[in-house]
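The structure file protein12.pdb is reproduced below (PDB, C-alpha atoms, pLDDT in the B column).
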```
ATOM      1  CA  MET A   1     -17.850   1.710   9.157  1.00 39.00           C
ATOM      2  CA  ALA A   2     -18.837  -0.982  11.656  1.00 37.00           C
ATOM      3  CA  ALA A   3     -20.942   1.504  13.606  1.00 36.00           C
ATOM      4  CA  LEU A   4     -23.106   1.997  10.520  1.00 40.00           C
ATOM      5  CA  LEU A   5     -23.901  -1.687  10.119  1.00 42.00           C
ATOM      6  CA  ASN A   6     -26.770  -3.331  11.893  1.00 43.00           C
ATOM      7  CA  ALA A   7     -26.618  -6.845  13.302  1.00 41.00           C
ATOM      8  CA  ASP A   8     -28.474  -8.368  10.340  1.00 43.00           C
ATOM      9  CA  LEU A   9     -25.852  -7.002   7.941  1.00 47.00           C
ATOM     10  CA  ILE A  10     -22.933  -8.164  10.057  1.00 56.00           C
ATOM     11  CA  THR A  11     -24.230 -11.767  10.343  1.00 75.00           C
ATOM     12  CA  PRO A  12     -25.702 -12.748   6.960  1.00 87.00           C
ATOM     13  CA  GLN A  13     -26.062 -16.415   6.177  1.00 91.00           C
ATOM     14  CA  ARG A  14     -24.757 -16.175   2.606  1.00 94.00           C
ATOM     15  CA  VAL A  15     -22.163 -13.681   1.322  1.00 95.00           C
ATOM     16  CA  LEU A  16     -21.162 -13.023  -2.284  1.00 96.00           C
ATOM     17  CA  VAL A  17     -17.511 -12.022  -2.735  1.00 97.00           C
ATOM     18  CA  ALA A  18     -17.374 -10.197  -6.087  1.00 97.00           C
ATOM     19  CA  LEU A  19     -13.737  -9.457  -6.956  1.00 96.00           C
ATOM     20  CA  PRO A  20     -11.468  -9.561 -10.047  1.00 94.00           C
ATOM     21  CA  PHE A  21      -9.989 -13.021  -9.431  1.00 94.00           C
ATOM     22  CA  SER A  22      -8.393 -12.983 -12.894  1.00 93.00           C
ATOM     23  CA  GLY A  23      -6.668 -10.259 -14.892  1.00 90.00           C
ATOM     24  CA  SER A  24      -4.362  -7.471 -13.697  1.00 85.00           C
ATOM     25  CA  LEU A  25      -6.050  -7.125 -10.284  1.00 87.00           C
ATOM     26  CA  ALA A  26      -6.017 -10.824  -9.430  1.00 90.00           C
ATOM     27  CA  GLU A  27      -3.304 -10.435  -6.788  1.00 87.00           C
ATOM     28  CA  PRO A  28      -5.123  -7.678  -4.810  1.00 86.00           C
ATOM     29  CA  ALA A  29      -8.309  -9.749  -5.100  1.00 90.00           C
ATOM     30  CA  ARG A  30      -6.501 -12.793  -3.712  1.00 91.00           C
ATOM     31  CA  ILE A  31      -5.180 -10.787  -0.759  1.00 88.00           C
ATOM     32  CA  LEU A  32      -8.629  -9.375   0.007  1.00 90.00           C
ATOM     33  CA  SER A  33     -10.149 -12.849  -0.232  1.00 91.00           C
ATOM     34  CA  GLU A  34      -7.566 -14.203   2.208  1.00 91.00           C
ATOM     35  CA  GLY A  35      -8.434 -11.394   4.610  1.00 89.00           C
ATOM     36  CA  ILE A  36     -12.132 -12.263   4.397  1.00 91.00           C
ATOM     37  CA  ASN A  37     -11.414 -15.927   5.076  1.00 91.00           C
ATOM     38  CA  ALA A  38      -9.172 -15.017   8.009  1.00 90.00           C
ATOM     39  CA  ALA A  39     -11.984 -12.938   9.518  1.00 87.00           C
ATOM     40  CA  LEU A  40     -14.402 -15.855   9.139  1.00 89.00           C
ATOM     41  CA  TYR A  41     -11.892 -18.211  10.733  1.00 88.00           C
ATOM     42  CA  GLN A  42     -11.650 -15.834  13.689  1.00 87.00           C
ATOM     43  CA  ARG A  43     -15.454 -15.784  14.017  1.00 86.00           C
ATOM     44  CA  LYS A  44     -15.499 -19.581  13.971  1.00 88.00           C
ATOM     45  CA  ALA A  45     -12.841 -19.705  16.699  1.00 89.00           C
ATOM     46  CA  GLN A  46     -15.053 -17.426  18.802  1.00 88.00           C
ATOM     47  CA  ASN A  47     -18.098 -19.669  18.213  1.00 89.00           C
ATOM     48  CA  LEU A  48     -19.835 -16.926  16.234  1.00 87.00           C
ATOM     49  CA  PRO A  49     -22.057 -17.563  13.206  1.00 86.00           C
ATOM     50  CA  VAL A  50     -20.037 -18.054  10.016  1.00 89.00           C
ATOM     51  CA  PRO A  51     -21.779 -17.298   6.700  1.00 91.00           C
ATOM     52  CA  ALA A  52     -21.331 -19.333   3.542  1.00 93.00           C
ATOM     53  CA  LEU A  53     -19.162 -17.646   0.894  1.00 94.00           C
ATOM     54  CA  ILE A  54     -19.950 -17.542  -2.810  1.00 95.00           C
ATOM     55  CA  THR A  55     -17.436 -16.035  -5.225  1.00 96.00           C
ATOM     56  CA  LEU A  56     -17.812 -14.211  -8.527  1.00 97.00           C
ATOM     57  CA  ASP A  57     -14.965 -13.184 -10.819  1.00 97.00           C
ATOM     58  CA  THR A  58     -15.899  -9.650 -11.875  1.00 96.00           C
ATOM     59  CA  GLU A  59     -13.463  -9.871 -14.811  1.00 95.00           C
ATOM     60  CA  GLN A  60     -15.999 -12.183 -16.428  1.00 95.00           C
ATOM     61  CA  ILE A  61     -18.871  -9.671 -16.344  1.00 94.00           C
ATOM     62  CA  THR A  62     -19.538  -6.283 -17.907  1.00 92.00           C
ATOM     63  CA  SER A  63     -22.038  -4.589 -15.595  1.00 94.00           C
ATOM     64  CA  ALA A  64     -23.111  -4.362 -11.972  1.00 94.00           C
ATOM     65  CA  SER A  65     -26.541  -5.760 -12.863  1.00 95.00           C
ATOM     66  CA  GLU A  66     -24.846  -9.116 -13.453  1.00 97.00           C
ATOM     67  CA  ILE A  67     -23.486  -9.001  -9.906  1.00 96.00           C
ATOM     68  CA  LEU A  68     -26.968  -8.357  -8.538  1.00 96.00           C
ATOM     69  CA  ASN A  69     -28.536 -11.083 -10.678  1.00 96.00           C
ATOM     70  CA  TYR A  70     -25.974 -13.621  -9.494  1.00 97.00           C
ATOM     71  CA  ALA A  71     -26.446 -12.499  -5.890  1.00 96.00           C
ATOM     72  CA  ARG A  72     -30.204 -13.083  -6.195  1.00 96.00           C
ATOM     73  CA  GLN A  73     -29.669 -16.498  -7.788  1.00 96.00           C
ATOM     74  CA  GLN A  74     -27.352 -17.501  -4.941  1.00 96.00           C
ATOM     75  CA  ARG A  75     -29.645 -15.985  -2.282  1.00 96.00           C
ATOM     76  CA  ALA A  76     -26.794 -13.783  -1.015  1.00 95.00           C
ATOM     77  CA  GLU A  77     -27.656 -11.346   1.779  1.00 94.00           C
ATOM     78  CA  LEU A  78     -24.459  -9.286   1.488  1.00 95.00           C
ATOM     79  CA  ILE A  79     -22.043  -8.416  -1.339  1.00 96.00           C
ATOM     80  CA  ILE A  80     -18.360  -7.860  -0.547  1.00 95.00           C
ATOM     81  CA  GLY A  81     -16.804  -6.046  -3.508  1.00 92.00           C
ATOM     82  CA  PRO A  82     -16.425  -5.061  -6.213  1.00 94.00           C
ATOM     83  CA  LEU A  83     -12.993  -3.453  -6.511  1.00 90.00           C
ATOM     84  CA  LYS A  84     -13.304  -1.552  -9.779  1.00 88.00           C
ATOM     85  CA  GLY A  85     -14.751   1.938  -9.574  1.00 87.00           C
ATOM     86  CA  ASN A  86     -17.140   1.715 -12.538  1.00 91.00           C
ATOM     87  CA  LEU A  87     -18.959  -1.282 -11.042  1.00 94.00           C
ATOM     88  CA  ILE A  88     -19.168   0.432  -7.661  1.00 93.00           C
ATOM     89  CA  ASP A  89     -20.571   3.577  -9.289  1.00 94.00           C
ATOM     90  CA  GLN A  90     -23.231   1.493 -11.032  1.00 95.00           C
ATOM     91  CA  LEU A  91     -24.264  -0.234  -7.813  1.00 95.00           C
ATOM     92  CA  ALA A  92     -24.388   3.029  -5.875  1.00 94.00           C
ATOM     93  CA  ALA A  93     -26.455   4.659  -8.623  1.00 94.00           C
ATOM     94  CA  ASP A  94     -29.226   2.059  -8.191  1.00 93.00           C
ATOM     95  CA  PRO A  95     -31.883   3.638  -5.920  1.00 92.00           C
ATOM     96  CA  THR A  96     -33.541   0.240  -5.407  1.00 92.00           C
ATOM     97  CA  LEU A  97     -30.351  -1.627  -4.486  1.00 93.00           C
ATOM     98  CA  PRO A  98     -31.776  -4.624  -2.575  1.00 92.00           C
ATOM     99  CA  ILE A  99     -28.592  -6.022  -1.023  1.00 92.00           C
ATOM    100  CA  PRO A 100     -26.013  -4.254   1.207  1.00 94.00           C
ATOM    101  CA  VAL A 101     -22.641  -3.803  -0.499  1.00 94.00           C
ATOM    102  CA  ILE A 102     -19.202  -3.354   1.075  1.00 93.00           C
ATOM    103  CA  ALA A 103     -17.062  -1.996  -1.771  1.00 91.00           C
ATOM    104  CA  PHE A 104     -13.307  -1.544  -1.892  1.00 88.00           C
ATOM    105  CA  ASN A 105     -13.163   1.870  -3.497  1.00 84.00           C
ATOM    106  CA  GLN A 106     -14.815   5.266  -3.321  1.00 81.00           C
ATOM    107  CA  THR A 107     -17.785   6.398  -5.408  1.00 85.00           C
ATOM    108  CA  THR A 108     -19.214   9.808  -6.180  1.00 84.00           C
ATOM    109  CA  ASN A 109     -22.744   8.421  -5.872  1.00 89.00           C
ATOM    110  CA  THR A 110     -24.543   8.261  -2.529  1.00 87.00           C
ATOM    111  CA  ASN A 111     -26.471   5.151  -1.570  1.00 91.00           C
ATOM    112  CA  PRO A 112     -27.505   4.141   1.971  1.00 90.00           C
ATOM    113  CA  ASN A 113     -26.925   0.481   1.079  1.00 91.00           C
ATOM    114  CA  VAL A 114     -23.322   0.942  -0.130  1.00 91.00           C
ATOM    115  CA  TYR A 115     -20.456   1.051   2.382  1.00 90.00           C
ATOM    116  CA  THR A 116     -16.988   1.863   1.049  1.00 85.00           C
ATOM    117  CA  ILE A 117     -13.514   0.992   2.268  1.00 81.00           C
ATOM    118  CA  ASP A 118     -10.933   3.195   0.537  1.00 71.00           C
ATOM    119  CA  LEU A 119      -7.869   1.137  -0.432  1.00 68.00           C
ATOM    120  CA  SER A 120      -6.220   3.929  -2.413  1.00 68.00           C
ATOM    121  CA  SER A 121      -2.508   4.425  -1.852  1.00 71.00           C
ATOM    122  CA  ASP A 122      -2.814   8.191  -1.334  1.00 80.00           C
ATOM    123  CA  GLN A 123      -4.843   7.659   1.845  1.00 78.00           C
ATOM    124  CA  ASP A 124      -2.234   5.207   3.174  1.00 84.00           C
ATOM    125  CA  ILE A 125       0.544   7.648   2.321  1.00 91.00           C
ATOM    126  CA  ARG A 126      -1.163  10.547   4.098  1.00 89.00           C
ATOM    127  CA  GLN A 127      -1.585   8.440   7.221  1.00 88.00           C
ATOM    128  CA  VAL A 128       2.023   7.234   7.151  1.00 92.00           C
ATOM    129  CA  VAL A 129       3.393  10.764   6.777  1.00 95.00           C
ATOM    130  CA  GLU A 130       1.109  12.081   9.523  1.00 94.00           C
ATOM    131  CA  ARG A 131       2.271   9.293  11.857  1.00 93.00           C
ATOM    132  CA  ALA A 132       5.934   9.949  11.056  1.00 95.00           C
ATOM    133  CA  VAL A 133       5.550  13.681  11.745  1.00 95.00           C
ATOM    134  CA  ILE A 134       3.735  12.970  15.016  1.00 94.00           C
ATOM    135  CA  GLU A 135       6.730  10.806  15.972  1.00 94.00           C
ATOM    136  CA  GLY A 136       9.047  13.769  15.397  1.00 95.00           C
ATOM    137  CA  ARG A 137      10.282  13.122  11.847  1.00 95.00           C
ATOM    138  CA  LYS A 138      10.670  16.217   9.695  1.00 95.00           C
ATOM    139  CA  ARG A 139      13.157  15.459   6.868  1.00 94.00           C
ATOM    140  CA  PHE A 140      12.484  12.474   4.664  1.00 96.00           C
ATOM    141  CA  ALA A 141      14.156  10.307   2.063  1.00 94.00           C
ATOM    142  CA  ILE A 142      11.564   8.783  -0.280  1.00 96.00           C
ATOM    143  CA  ILE A 143      12.045   5.524  -2.204  1.00 95.00           C
ATOM    144  CA  THR A 144       9.567   4.603  -4.954  1.00 95.00           C
ATOM    145  CA  PRO A 145       9.797   2.474  -8.116  1.00 93.00           C
ATOM    146  CA  ALA A 146      10.551   4.032 -11.488  1.00 92.00           C
ATOM    147  CA  ALA A 147       7.078   3.213 -12.816  1.00 87.00           C
ATOM    148  CA  ASN A 148       3.838   5.106 -13.330  1.00 86.00           C
ATOM    149  CA  TRP A 149       2.396   3.918 -10.010  1.00 86.00           C
ATOM    150  CA  GLY A 150       5.677   4.808  -8.338  1.00 90.00           C
ATOM    151  CA  GLN A 151       5.508   8.339  -9.716  1.00 91.00           C
ATOM    152  CA  LYS A 152       1.944   8.614  -8.380  1.00 90.00           C
ATOM    153  CA  ALA A 153       3.152   7.482  -4.941  1.00 92.00           C
ATOM    154  CA  LEU A 154       5.994  10.022  -5.032  1.00 94.00           C
ATOM    155  CA  THR A 155       3.546  12.816  -5.888  1.00 94.00           C
ATOM    156  CA  ASP A 156       1.280  11.733  -3.017  1.00 93.00           C
ATOM    157  CA  TYR A 157       4.268  11.739  -0.639  1.00 95.00           C
ATOM    158  CA  GLN A 158       5.272  15.221  -1.763  1.00 96.00           C
ATOM    159  CA  GLN A 159       1.771  16.580  -1.186  1.00 95.00           C
ATOM    160  CA  ALA A 160       1.414  14.900   2.217  1.00 95.00           C
ATOM    161  CA  ILE A 161       4.825  16.084   3.413  1.00 96.00           C
ATOM    162  CA  LEU A 162       4.105  19.639   2.291  1.00 95.00           C
ATOM    163  CA  ALA A 163       0.709  19.551   4.031  1.00 95.00           C
ATOM    164  CA  ASN A 164       2.425  18.464   7.261  1.00 95.00           C
ATOM    165  CA  GLU A 165       5.046  21.231   7.027  1.00 95.00           C
ATOM    166  CA  ALA A 166       7.888  18.730   6.700  1.00 96.00           C
ATOM    167  CA  GLU A 167      10.683  18.485   4.102  1.00 96.00           C
ATOM    168  CA  ILE A 168      11.970  16.112   1.441  1.00 96.00           C
ATOM    169  CA  ALA A 169      15.751  15.748   1.639  1.00 93.00           C
ATOM    170  CA  THR A 170      16.167  13.283  -1.224  1.00 93.00           C
ATOM    171  CA  THR A 171      14.279  10.829  -3.427  1.00 94.00           C
ATOM    172  CA  LEU A 172      15.127   7.585  -5.183  1.00 94.00           C
ATOM    173  CA  GLN A 173      13.044   6.227  -8.036  1.00 94.00           C
ATOM    174  CA  TYR A 174      14.726   2.850  -8.249  1.00 94.00           C
ATOM    175  CA  GLN A 175      15.062   0.515 -11.235  1.00 91.00           C
ATOM    176  CA  SER A 176      14.435  -3.102 -10.207  1.00 84.00           C
ATOM    177  CA  SER A 177      16.503  -4.374 -13.133  1.00 80.00           C
ATOM    178  CA  GLU A 178      19.625  -2.463 -12.062  1.00 82.00           C
ATOM    179  CA  ASP A 179      22.014  -2.674  -9.109  1.00 86.00           C
ATOM    180  CA  LEU A 180      19.895  -1.745  -6.082  1.00 86.00           C
ATOM    181  CA  SER A 181      22.942  -1.420  -3.850  1.00 85.00           C
ATOM    182  CA  ALA A 182      24.475   1.222  -6.100  1.00 86.00           C
ATOM    183  CA  GLN A 183      21.190   3.139  -6.280  1.00 91.00           C
ATOM    184  CA  VAL A 184      20.747   3.147  -2.504  1.00 88.00           C
ATOM    185  CA  SER A 185      24.391   4.129  -2.029  1.00 86.00           C
ATOM    186  CA  GLN A 186      23.938   7.087  -4.358  1.00 86.00           C
ATOM    187  CA  MET A 187      20.817   8.235  -2.499  1.00 88.00           C
ATOM    188  CA  LEU A 188      22.558   7.992   0.878  1.00 87.00           C
ATOM    189  CA  HIS A 189      25.796   9.576  -0.428  1.00 82.00           C
ATOM    190  CA  THR A 190      27.894   6.656   0.777  1.00 69.00           C
ATOM    191  CA  ASP A 191      29.311   6.538  -2.742  1.00 50.00           C
ATOM    192  CA  LEU A 192      30.595  10.101  -2.223  1.00 48.00           C
ATOM    193  CA  SER A 193      32.093   9.067   1.118  1.00 47.00           C
ATOM    194  CA  LYS A 194      34.030   6.287  -0.609  1.00 49.00           C
ATOM    195  CA  ASN A 195      35.181   8.668  -3.335  1.00 49.00           C
ATOM    196  CA  ARG A 196      36.503  11.122  -0.727  1.00 47.00           C
ATOM    197  CA  TYR A 197      38.363   8.287   0.997  1.00 41.00           C
ATOM    198  CA  THR A 198      39.962   7.244  -2.308  1.00 48.00           C
ATOM    199  CA  GLU A 199      41.026  10.819  -3.076  1.00 46.00           C
ATOM    200  CA  ILE A 200      42.546  11.349   0.402  1.00 41.00           C
ATOM    201  CA  ARG A 201      44.340   7.995   0.276  1.00 48.00           C
ATOM    202  CA  GLN A 202      45.822   8.815  -3.105  1.00 49.00           C
ATOM    203  CA  THR A 203      46.905  12.269  -1.897  1.00 49.00           C
ATOM    204  CA  LEU A 204      48.569  10.954   1.267  1.00 46.00           C
ATOM    205  CA  GLY A 205      49.899   7.830  -0.366  1.00 52.00           C
ATOM    206  CA  GLN A 206      49.013   5.633   2.582  1.00 51.00           C
ATOM    207  CA  LYS A 207      46.154   3.736   4.163  1.00 57.00           C
ATOM    208  CA  ILE A 208      43.957   5.652   6.589  1.00 45.00           C
ATOM    209  CA  GLU A 209      41.117   4.754   8.941  1.00 49.00           C
ATOM    210  CA  PHE A 210      37.802   4.887   7.114  1.00 40.00           C
ATOM    211  CA  SER A 211      34.167   4.020   7.693  1.00 49.00           C
ATOM    212  CA  ASP A 212      31.230   4.707   5.401  1.00 54.00           C
ATOM    213  CA  ARG A 213      28.800   7.353   6.601  1.00 56.00           C
ATOM    214  CA  PRO A 214      25.384   8.011   5.093  1.00 54.00           C
ATOM    215  CA  ARG A 215      24.055  11.526   4.738  1.00 69.00           C
ATOM    216  CA  ARG A 216      22.857  13.124   7.982  1.00 78.00           C
ATOM    217  CA  ASP A 217      20.226  15.512   6.645  1.00 86.00           C
ATOM    218  CA  ILE A 218      17.380  12.944   6.899  1.00 90.00           C
ATOM    219  CA  ASP A 219      15.635  11.518   9.949  1.00 91.00           C
ATOM    220  CA  ALA A 220      13.347   8.920   8.337  1.00 93.00           C
ATOM    221  CA  ILE A 221      12.952   6.905   5.145  1.00 94.00           C
ATOM    222  CA  LEU A 222       9.621   6.348   3.384  1.00 96.00           C
ATOM    223  CA  ILE A 223       9.347   3.347   1.054  1.00 94.00           C
ATOM    224  CA  THR A 224       6.646   2.355  -1.396  1.00 92.00           C
ATOM    225  CA  ALA A 225       7.624  -0.783  -3.301  1.00 89.00           C
ATOM    226  CA  SER A 226       6.510  -4.240  -4.284  1.00 84.00           C
ATOM    227  CA  ALA A 227       6.982  -6.828  -1.545  1.00 81.00           C
ATOM    228  CA  GLN A 228       9.872  -8.434  -3.429  1.00 85.00           C
ATOM    229  CA  ASP A 229      11.688  -5.132  -3.957  1.00 89.00           C
ATOM    230  CA  ALA A 230      11.084  -4.020  -0.363  1.00 88.00           C
ATOM    231  CA  ARG A 231      12.698  -7.235   0.911  1.00 88.00           C
ATOM    232  CA  SER A 232      15.809  -6.274  -1.071  1.00 88.00           C
ATOM    233  CA  ILE A 233      15.838  -2.545  -0.309  1.00 90.00           C
ATOM    234  CA  LYS A 234      15.471  -2.784   3.478  1.00 88.00           C
ATOM    235  CA  PRO A 235      18.703  -4.752   4.095  1.00 87.00           C
ATOM    236  CA  MET A 236      20.472  -2.513   1.564  1.00 86.00           C
ATOM    237  CA  LEU A 237      19.823   0.448   3.868  1.00 87.00           C
ATOM    238  CA  ALA A 238      21.517  -1.360   6.740  1.00 81.00           C
ATOM    239  CA  PHE A 239      24.379  -2.432   4.465  1.00 79.00           C
ATOM    240  CA  HIS A 240      24.978   1.215   3.632  1.00 77.00           C
ATOM    241  CA  PHE A 241      24.962   2.194   7.320  1.00 71.00           C
ATOM    242  CA  ALA A 242      21.434   3.624   7.379  1.00 74.00           C
ATOM    243  CA  GLY A 243      19.985   0.853   9.529  1.00 71.00           C
ATOM    244  CA  ASP A 244      19.333   3.257  12.400  1.00 82.00           C
ATOM    245  CA  TYR A 245      16.955   5.436  10.410  1.00 88.00           C
ATOM    246  CA  PRO A 246      13.250   4.785  11.025  1.00 92.00           C
ATOM    247  CA  VAL A 247      11.716   3.220   7.914  1.00 93.00           C
ATOM    248  CA  TYR A 248       8.016   3.585   7.120  1.00 93.00           C
TER     249      TYR A 248
END
```
Would you mind giving the structure from this file in structure tokens?
Amino acid sequence: MAALLNADLITPQRVLVALPFSGSLAEPARILSEGINAALYQRKAQNLPVPALITLDTEQITSASEILNYARQQRAELIIGPLKGNLIDQLAADPTLPIPVIAFNQTTNTNPNVYTIDLSSDQDIRQVVERAVIEGRKRFAIITPAANWGQKALTDYQQAILANEAEIATTLQYQSSEDLSAQVSQMLHTDLSKNRYTEIRQTLGQKIEFSDRPRRDIDAILITASAQDARSIKPMLAFHFAGDYPVY
């Protein structure tokens, strides 16, 4: 995208950040805002011009025209945002759009003054799977949450893996409210390993040497999860003797 932007667009004096700072998308908006501020801090450290930032909570408006009106009032020379697709579509549909817009989603409308950065999970998933296959991985275990967005991620993984002529060995749609260790153990078949040990010990009537072994028909693990869940799942893999598997 940077190649498309001229110097005037890259170094505006006033920038409007129009994101949903309240509501269900407040956390993504906060993360994006932190990224913008980090980029400005880097420019300042390099003695480059740093524009003034103005913010607008798009949860408090109903149309893109309100974004443009506020941008004019604040004399903004660039709009970063919005995040929601309907507002982006409205901006892109305006043939007289006076201010360049960097939006965080795709739009079906074409406008020379609208630049889009696709934050959709399916694009991330395609890139992750492609990278894993390039690195020689062909059989995957997939871990996603048992939620609607987790099911969407699993579907995207399945499509990307099929497109890259790889295979899915197993999947886990985990429940955060239940025992994660038991769920991971079941996916990796370490629970079956323990069961076999118990059966053999009972048959022989004596203690025998035993070590858990995870399944060997996978060569990488793909995880889509919330940050909190991922921090719990990752050490669980090592606990169940799958710490050597590459995790994406």
Rank A:Lys44, A:His240, A:Lys234, A:Arg72 by their smallest atom-to-atom distance to Leu97 of chain A, using all atoms listed in the file, and report the top residue only. A:Arg72
Hey, what comes out of the PyMOL selection byres ((chain A and resi 225) around 8) on this file? Could you write it as an mmCIF file with C-alpha atoms, in the coordinates of the input?
```cif
data_model
loop_
_atom_site.group_PDB
_atom_site.id
_atom_site.type_symbol
_atom_site.label_atom_id
_atom_site.label_comp_id
_atom_site.auth_asym_id
_atom_site.auth_seq_id
_atom_site.Cartn_x
_atom_site.Cartn_y
_atom_site.Cartn_z
ATOM 1 C CA ILE A 143 12.045 5.524 -2.204
ATOM 2 C CA THR A 144 9.567 4.603 -4.954
ATOM 3 C CA PRO A 145 9.797 2.474 -8.116
ATOM 4 C CA GLY A 150 5.677 4.808 -8.338
ATOM 5 C CA ILE A 223 9.347 3.347 1.054
ATOM 6 C CA THR A 224 6.646 2.355 -1.396
ATOM 7 C CA SER A 226 6.510 -4.240 -4.284
ATOM 8 C CA ALA A 227 6.982 -6.828 -1.545
ATOM 9 C CA GLN A 228 9.872 -8.434 -3.429
ATOM 10 C CA ASP A 229 11.688 -5.132 -3.957
ATOM 11 C CA ALA A 230 11.084 -4.020 -0.363
#
```
Closest of A:Ser232, A:Asn105, A:Ser24, A:Ser65 to Val184 of chain A, counting all atoms listed in the file, is A:Ser232
Ground truth for the PyMOL selection byres ((chain A and resi 171) around 8), written as JSON, numbers by chain: {"A": [141, 142, 143, 144, 168, 169, 170, 172, 173, 187]}
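Listed by chain and then by number, the residues chosen by the PyMOL selection byres ((chain A and resi 241-245) around 7) in this file are Arg213, Pro214, Asp219, Ala220, Ile221, Leu237, Ala238, Phe239, His240, Pro246 and Val247 of chain A.
Among A:Gln175, A:Ser121, A:Gln13, A:Gln186, the residue with the shortest atom-to-atom distance to Tyr157 of chain A, counting all atoms listed in the file, is A:Ser121.
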Taking all atoms listed in the file into account, name the residue in A:Leu83, A:Asn47, A:Ser185, A:Ser63 that is nearest to Arg30 of chain A. A:Leu83
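Using all atoms listed in the file, the nearest neighbour of Asp118 of chain A within the list A:Ala103, A:Leu91, A:Ala64, A:Gln74 is A:Ala103.
Note that the spacing between atom CA of Ile102 of chain A and atom CA of Val129 of chain A amounts to 27.2 Å.
Coordinates place atom CA of Gln106 of chain A at a distance of 8.5 Å from atom CA of Asp89 of chain A.
Taking atom CA of Thr58 of chain A and atom CA of Gly81 of chain A as the two end points, the separation is 9.2 Å.
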Would you pick out the contacts of Ile80 of chain A at 9 Å or less, using only C-alpha atoms, so that residues sharing its chain but fewer than 6 positions from it are not included, and give the list as a PyMOL selection string? chain A and resi 15-19+100-104
